[in-house]
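Report on the structure given below.
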Amino acid sequence: MSKYMVNLKINNIPIAVEEGTTILDAAKRLNFHIPTLCNHPDLSVAGNCRVCVVEVKGARLLAASCATPVSEGMEVFTNSEKVRIARKHVVELLLSEHNADCTKCFKNGHCELQELASEYRYGDHIFIDLVPFKHKYLDISSPSITKDTSKCIRCQRCVRTCAELQAVSALAVVHKGNHQTISTFMDKPMNDVVCTNCGQCINRCPTGALYERNYIEDVWNAIYNPNKFVVVQTAPATRVAVGEDLGLEPGHRVTGKMVAALKKMGFNKVLDTDFTADLTIMEEGTELLTRLKKALVDKDETVKLPMMTSCSPGWIKFQEHMFPDLLPNLSTCKSPQQMFGSLAKTYYADKINIKAENMIVVSIMPCTAKKFECNRPEMRDSGFKDVDYVLTTRELAMMIKQAGIEFDKLEDQHYDSILGESTGAAVIFGATGGVMEAALRTAYEIVTGKEVPFANLEIKPVRGMDGVKEASIKIKGAKPEWSFLEGVEMNVAVAHGLTNAKILMEAVESGKTNYHFIEIMGCPGGCIGGGGQPIPTSPEIRRKRAEAIYEEDAGMPIRKSHENPEVVEVYKDYLGHPCGHQSHELLHTHYVERKRY
Amino acid sequence: MTNTENFVHELAEKHGRTRNALMPILQGVVAREKYLSEEAMIAVARELDISAADVYGTATFYTFLDTVPRGRNVVRVCKTISCHMHNKDEIIRALEEQLKCKVGETTSDKKFTLLTANCLGWCHKGPVMLVNDDVYPELTPQKAIEIIQEYNRKSN
């Protein structure tokens, strides 16, 4: 259906736009910037903050430009006297309820309200400061997410995020009028409600009302402690995003600079979660093939298919709350972060002759749920807390700045060895579909001895930003020991963002699907869109980060996990073989059923 | 299932399990239990397959959907300007004295909760109060006390 074009004037300049376009978007095309707060490219329109009001000729009231579609002959003014006065009042009213202790705020310098205030420089304080009269509190119950209600401007981006993108609705608008707050069920602490710790709310909060529980000082203390040997690991998605908080455009690959910065900051060894991503593929690929054999050949009904990936801790907690009946379908593999932790404090500590109790493992993650994951009681298989501290990509950027490092001037450096070597298959873990692609590259080759039948190893059907993706691969030329898979059509599905995960899980529960293997990432776009990644986020930014991830893969000399020489070495020296006894001790885990309510 | 869960289940059978069944179900619970307990809200969320926070958000938006325990009879005195000008403060004072509790509180025998309400739409016949679902216009302190005494007798 062709769209009608609508003619209108904005600030006396004529423009024709498609029917249904908002005034805000039409103005953007003429390069008129209208400020917004509650509006977000990932979310439905709310129109509640009123910062974006404009004057429409002939209309009695000002219109919220984000929520008003254009109409024929409309004449819009974005900066008239009426608009300026109204906008001033709107911003001042928001500020009258906002605890503006900006210099002490974790979001200082990254706050959209602060930016607006600095743009307009209103200094009249015509409204009474209401903050002291309201019941405000700081919720630090969660190991992942801190909630400071004194900073909240009730734009409801977090509420829409939790409902629309994640299908969780841990946060809701409660009470009304001047008592209205953004809160949880019965105003309980964040740690006590059904929250996956994904941090997507943080990514969209315009102020300091939601931010990650930060461990920056703990990590500096560990680095300064001469008795501690501090090892750092970096997740795949961090290397294509940390630059955004250090003055670079989205989509910059900064792997070498990030390694150099970490070394300069004083970490004793800079290692890579990508190494354990490759290890995950060995374990998870083997687990999948074993499950297939047990299900298809031995007809073992205790073996559950489809198998589902277990790398994303937001997704894991979602499943524990929402679909506990499907927990046996989850791969028992720990996430790469936790595999790293348990190997670091056993095998690696022995190898470099450091006592595990003196070792501190720090993770740089695109994720806030990883902070919860490392505190799970199951994650102590080394005999110690396997991963001590998790920092988000944003926290790393802050530490790099604090250390006085000029990031863009750094010379690239390499990860230390061992546990530092990785492949292209590992880095694509950072984008939705990446774990699936990496697993197929290895599993297909284990079964057939040949590479996956896709040009340049790129399994395009599982790439991209569609919410739920499906692919089928026919296995041809299976080796004798895998002959039961000969001619089998392997059906796989990939979903990202928990709303899509829910859709897929409901399909699986209905029994109408015939998938063998499912990859789920808790965040939109996968880890590149994680709750710990630089702010802002948008479909465009995530697309650029994903492109960078695939460029990184294409540029790697080795692109299949089973060919990672360090992975081969670790199995030879220590683990034995994938899914063997030692692996089960250190690299696999179990899940717990959690309350849905 | 507990009593409350059974009752919520019955309400869901009656009103359906779509999102727009939420209000009648919550009203049904309040009609019987006088308020929405944590248990009741969880039961509603479970029946409708929505988050408990969503139920709580809706419940707290409406003044007449209480989320704290209430007495068997809920008295709401209109506090808006017309009734204010017709001396609603005197009515409240008389009721506080009679019930031995303040606005927002419940009597120790759990028979009455005294509250104020926004405009009840009886501005021409203020001051007005609502006891449960019944309106009492053109009140005097004496009339208000007599009405309460009558409810007290009925609840014995």
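By convention in this document, the chains of the structure tokens carry letters A, B, ... by their order, each chain's residues are numbered from 1, and ligands are numbered from 1 in the order they are shown.
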field: Polymer residues at most 9 Å from segment 163-165 of chain A, only C-alpha atoms, same-chain spacing of 6 or more positions, as a PyMOL selection string
entry: chain A and resi 42-44+171-172+200+497-500+523-524
- prompt: Please, which residues of chain B lie no more than 8 Å from chain A when the count uses only C-alpha atoms, and can they be set out as a list in words?
  reply: Glu38, Ile42, Arg46, Ser51, Ala52, Ala53, Asp54, Tyr56, Gly57, Thr58, Thr60, Phe61 and Tyr62 of chain B
Suppose we keep N, CA and C atoms; can you now write the selection as a PDB file, in the first residue's frame?
```pdb
ATOM      1  N   GLU B  38      -1.949  -8.775  49.642  1.00  0.00           N
ATOM      2  CA  GLU B  38      -0.847  -9.215  48.781  1.00  0.00           C
ATOM      3  C   GLU B  38      -1.217 -10.552  48.138  1.00  0.00           C
ATOM      4  N   ILE B  42      -1.630 -11.295  44.081  1.00  0.00           N
ATOM      5  CA  ILE B  42      -0.840 -12.342  43.425  1.00  0.00           C
ATOM      6  C   ILE B  42      -1.778 -13.336  42.737  1.00  0.00           C
ATOM      7  N   ARG B  46      -1.806 -14.158  38.767  1.00  0.00           N
ATOM      8  CA  ARG B  46      -1.639 -15.528  38.286  1.00  0.00           C
ATOM      9  C   ARG B  46      -2.799 -15.925  37.359  1.00  0.00           C
ATOM     10  N   SER B  51       1.947  -9.491  35.309  1.00  0.00           N
ATOM     11  CA  SER B  51       2.875  -9.340  36.422  1.00  0.00           C
ATOM     12  C   SER B  51       2.140  -8.785  37.645  1.00  0.00           C
ATOM     13  N   ALA B  52       2.613  -9.165  38.804  1.00  0.00           N
ATOM     14  CA  ALA B  52       2.005  -8.704  40.045  1.00  0.00           C
ATOM     15  C   ALA B  52       2.136  -7.184  40.169  1.00  0.00           C
ATOM     16  N   ALA B  53       3.228  -6.641  39.636  1.00  0.00           N
ATOM     17  CA  ALA B  53       3.434  -5.192  39.697  1.00  0.00           C
ATOM     18  C   ALA B  53       2.343  -4.460  38.919  1.00  0.00           C
ATOM     19  N   ASP B  54       1.914  -5.037  37.810  1.00  0.00           N
ATOM     20  CA  ASP B  54       0.837  -4.424  37.029  1.00  0.00           C
ATOM     21  C   ASP B  54      -0.462  -4.378  37.828  1.00  0.00           C
ATOM     22  N   TYR B  56      -0.702  -4.382  41.094  1.00  0.00           N
ATOM     23  CA  TYR B  56      -0.484  -3.412  42.164  1.00  0.00           C
ATOM     24  C   TYR B  56      -0.615  -1.981  41.635  1.00  0.00           C
ATOM     25  N   GLY B  57      -0.063  -1.740  40.449  1.00  0.00           N
ATOM     26  CA  GLY B  57      -0.148  -0.417  39.829  1.00  0.00           C
ATOM     27  C   GLY B  57      -1.595  -0.001  39.611  1.00  0.00           C
ATOM     28  N   THR B  58      -2.384  -0.911  39.091  1.00  0.00           N
ATOM     29  CA  THR B  58      -3.804  -0.609  38.856  1.00  0.00           C
ATOM     30  C   THR B  58      -4.526  -0.399  40.180  1.00  0.00           C
ATOM     31  N   THR B  60      -3.425   0.546  43.077  1.00  0.00           N
ATOM     32  CA  THR B  60      -3.077   1.756  43.814  1.00  0.00           C
ATOM     33  C   THR B  60      -3.536   3.024  43.100  1.00  0.00           C
ATOM     34  N   PHE B  61      -3.910   2.893  41.830  1.00  0.00           N
ATOM     35  CA  PHE B  61      -4.379   4.077  41.103  1.00  0.00           C
ATOM     36  C   PHE B  61      -5.758   4.493  41.597  1.00  0.00           C
ATOM     37  N   TYR B  62      -6.587   3.522  41.978  1.00  0.00           N
ATOM     38  CA  TYR B  62      -7.974   3.808  42.329  1.00  0.00           C
ATOM     39  C   TYR B  62      -8.162   3.912  43.834  1.00  0.00           C
TER      40      TYR B  62
END
```
task: Rounded to one decimal place, report the atom CA of Cys162 of chain A-atom CA of Met365 of chain A distance in Å.
output: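 Pair atom CA of Cys162 of chain A / atom CA of Met365 of chain A returns 20.7 Å.
In this model, the gap between atom CA of Val75 of chain B and atom CA of Asn6 of chain B comes to 28.4 Å.
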- prompt: If we count only C-alpha atoms, what is near segment 120-135 of chain B at a cut-off of 8 Å, once residues fewer than 6 positions away on the same chain are taken out, given as number ranges by chain?
  reply: B: 73-78, 82-84, 86-88, 91
For the residues selected in the previous step, produce a file with N, CA and C atoms as a compact mmCIF listing (two decimals), in the first residue's frame.
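again-v9.txt, written as the output of this step:
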```
# COMPACT_ATOMS: atom_id res chain seq x y z
N ASN B 73 -17.08 -1.71 57.69
CA ASN B 73 -17.76 -0.58 57.07
C ASN B 73 -16.75 0.52 56.79
N VAL B 74 -16.77 1.00 55.55
CA VAL B 74 -15.83 2.06 55.19
C VAL B 74 -16.60 3.36 55.03
N VAL B 75 -16.24 4.36 55.85
CA VAL B 75 -16.91 5.66 55.84
C VAL B 75 -16.00 6.65 55.11
N ARG B 76 -16.53 7.28 54.09
CA ARG B 76 -15.73 8.25 53.34
C ARG B 76 -16.46 9.59 53.34
N VAL B 77 -15.85 10.59 53.96
CA VAL B 77 -16.45 11.92 53.99
C VAL B 77 -15.86 12.74 52.85
N CYS B 78 -16.73 13.37 52.08
CA CYS B 78 -16.26 14.19 50.96
C CYS B 78 -15.45 15.36 51.50
N SER B 82 -16.96 22.18 48.01
CA SER B 82 -18.35 22.50 48.39
C SER B 82 -18.66 21.96 49.77
N CYS B 83 -18.28 20.70 50.01
CA CYS B 83 -18.54 20.10 51.32
C CYS B 83 -17.70 20.78 52.40
N HIS B 84 -16.52 21.22 52.00
CA HIS B 84 -15.67 21.94 52.95
C HIS B 84 -16.40 23.20 53.42
N HIS B 86 -19.48 23.62 53.48
CA HIS B 86 -20.64 23.22 54.29
C HIS B 86 -20.20 22.52 55.58
N ASN B 87 -19.02 22.87 56.04
CA ASN B 87 -18.55 22.40 57.34
C ASN B 87 -18.29 20.89 57.45
N LYS B 88 -17.68 20.32 56.44
CA LYS B 88 -17.36 18.89 56.54
C LYS B 88 -16.39 18.62 57.69
N ILE B 91 -18.26 17.48 60.64
CA ILE B 91 -18.71 16.09 60.48
C ILE B 91 -17.57 15.14 60.85
```
message: Neighbouring residues of Ile85 of chain A were defined as those with any atom within 12 Å, considering only C-alpha atoms; residues of the same chain fewer than 6 positions away were excluded. Please report them as a ChimeraX atom specification.
response: /A:51,53-55,62,78-79,91-92,120,122
Restricting the output to C-alpha atoms, write the selected residues as a PDB file, in the first residue's frame.
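Written file, again33.pdb:
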```pdb
ATOM      1  CA  VAL A  51       9.219  18.559  27.052  1.00  0.00           C
ATOM      2  CA  VAL A  53       5.621  20.487  23.110  1.00  0.00           C
ATOM      3  CA  VAL A  54       5.233  22.620  19.980  1.00  0.00           C
ATOM      4  CA  GLU A  55       2.709  25.196  18.838  1.00  0.00           C
ATOM      5  CA  LEU A  62       0.330  22.987  22.675  1.00  0.00           C
ATOM      6  CA  THR A  78       8.976  24.662  17.513  1.00  0.00           C
ATOM      7  CA  ASN A  79      10.455  27.717  19.156  1.00  0.00           C
ATOM      8  CA  VAL A  91      11.688  21.527  32.724  1.00  0.00           C
ATOM      9  CA  GLU A  92      11.481  23.548  35.943  1.00  0.00           C
ATOM     10  CA  TYR A 120      18.323  26.009  28.722  1.00  0.00           C
ATOM     11  CA  TYR A 122      16.856  28.251  33.664  1.00  0.00           C
TER      12      TYR A 122
END
```
Nearest candidate to Ser150 of chain A (options A:Ser80, A:Thr234, A:Thr346, A:Ser96; using only C-alpha atoms): A:Ser96
- request: Please return as JSON, numbers by chain: the residues of segment 297-524 of chain A that backbone DSSP assigns to helix (DSSP H, G or I).
  value: {"A": [313, 314, 315, 316, 317, 318, 319, 320, 321, 322, 324, 325, 326, 327, 328, 329, 336, 337, 338, 339, 340, 341, 342, 343, 344, 345, 346, 347, 348, 349, 350, 351, 356, 357, 358, 369, 370, 371, 372, 373, 393, 394, 395, 396, 397, 398, 399, 400, 401, 402, 407, 408, 409, 424, 425, 426, 427, 428, 429, 430, 434, 435, 436, 437, 438, 439, 440, 441, 442, 443, 444, 445, 446, 447, 448, 455, 456, 457, 460, 461, 462, 480, 481, 482, 483, 484, 485, 498, 499, 500, 501, 502, 503, 504, 505, 506, 507, 508, 509, 510]}
field: Non-local contacts of Arg394 of chain A (12 Å; only C-alpha atoms; under 5 positions in same chain excluded) as a PyMOL selection string
entry: chain A and resi 106-107+110+202-203+211-216+238-239+241-246+364-368+399-401+530-536
field: Shell around Ala554 of chain A at 12 Å using only C-alpha atoms, local window under 6 positions removed, as JSON, numbers by chain
entry: {"A": [423, 424, 425, 426, 427, 428, 456, 457, 458, 547, 548, 560]}
Filtering to C-alpha atoms, could you give me those residues as a PDB file, in the first residue's frame?
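Result written to result.pdb:
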```pdb
ATOM      1  CA  THR A 423      38.564 -17.281  17.441  1.00  0.00           C
ATOM      2  CA  GLY A 424      36.031 -15.524  15.255  1.00  0.00           C
ATOM      3  CA  ALA A 425      33.448 -17.980  16.531  1.00  0.00           C
ATOM      4  CA  ALA A 426      33.916 -16.616  20.038  1.00  0.00           C
ATOM      5  CA  VAL A 427      33.616 -12.935  19.249  1.00  0.00           C
ATOM      6  CA  ILE A 428      30.258 -13.378  17.508  1.00  0.00           C
ATOM      7  CA  ASN A 456      32.851 -18.025   4.133  1.00  0.00           C
ATOM      8  CA  LEU A 457      31.403 -19.772   7.251  1.00  0.00           C
ATOM      9  CA  GLU A 458      28.783 -17.025   7.517  1.00  0.00           C
ATOM     10  CA  GLU A 547      28.467  -5.083  12.155  1.00  0.00           C
ATOM     11  CA  ALA A 548      31.667  -4.452  14.087  1.00  0.00           C
ATOM     12  CA  LYS A 560      36.143 -22.089  14.523  1.00  0.00           C
TER      13      LYS A 560
END
```
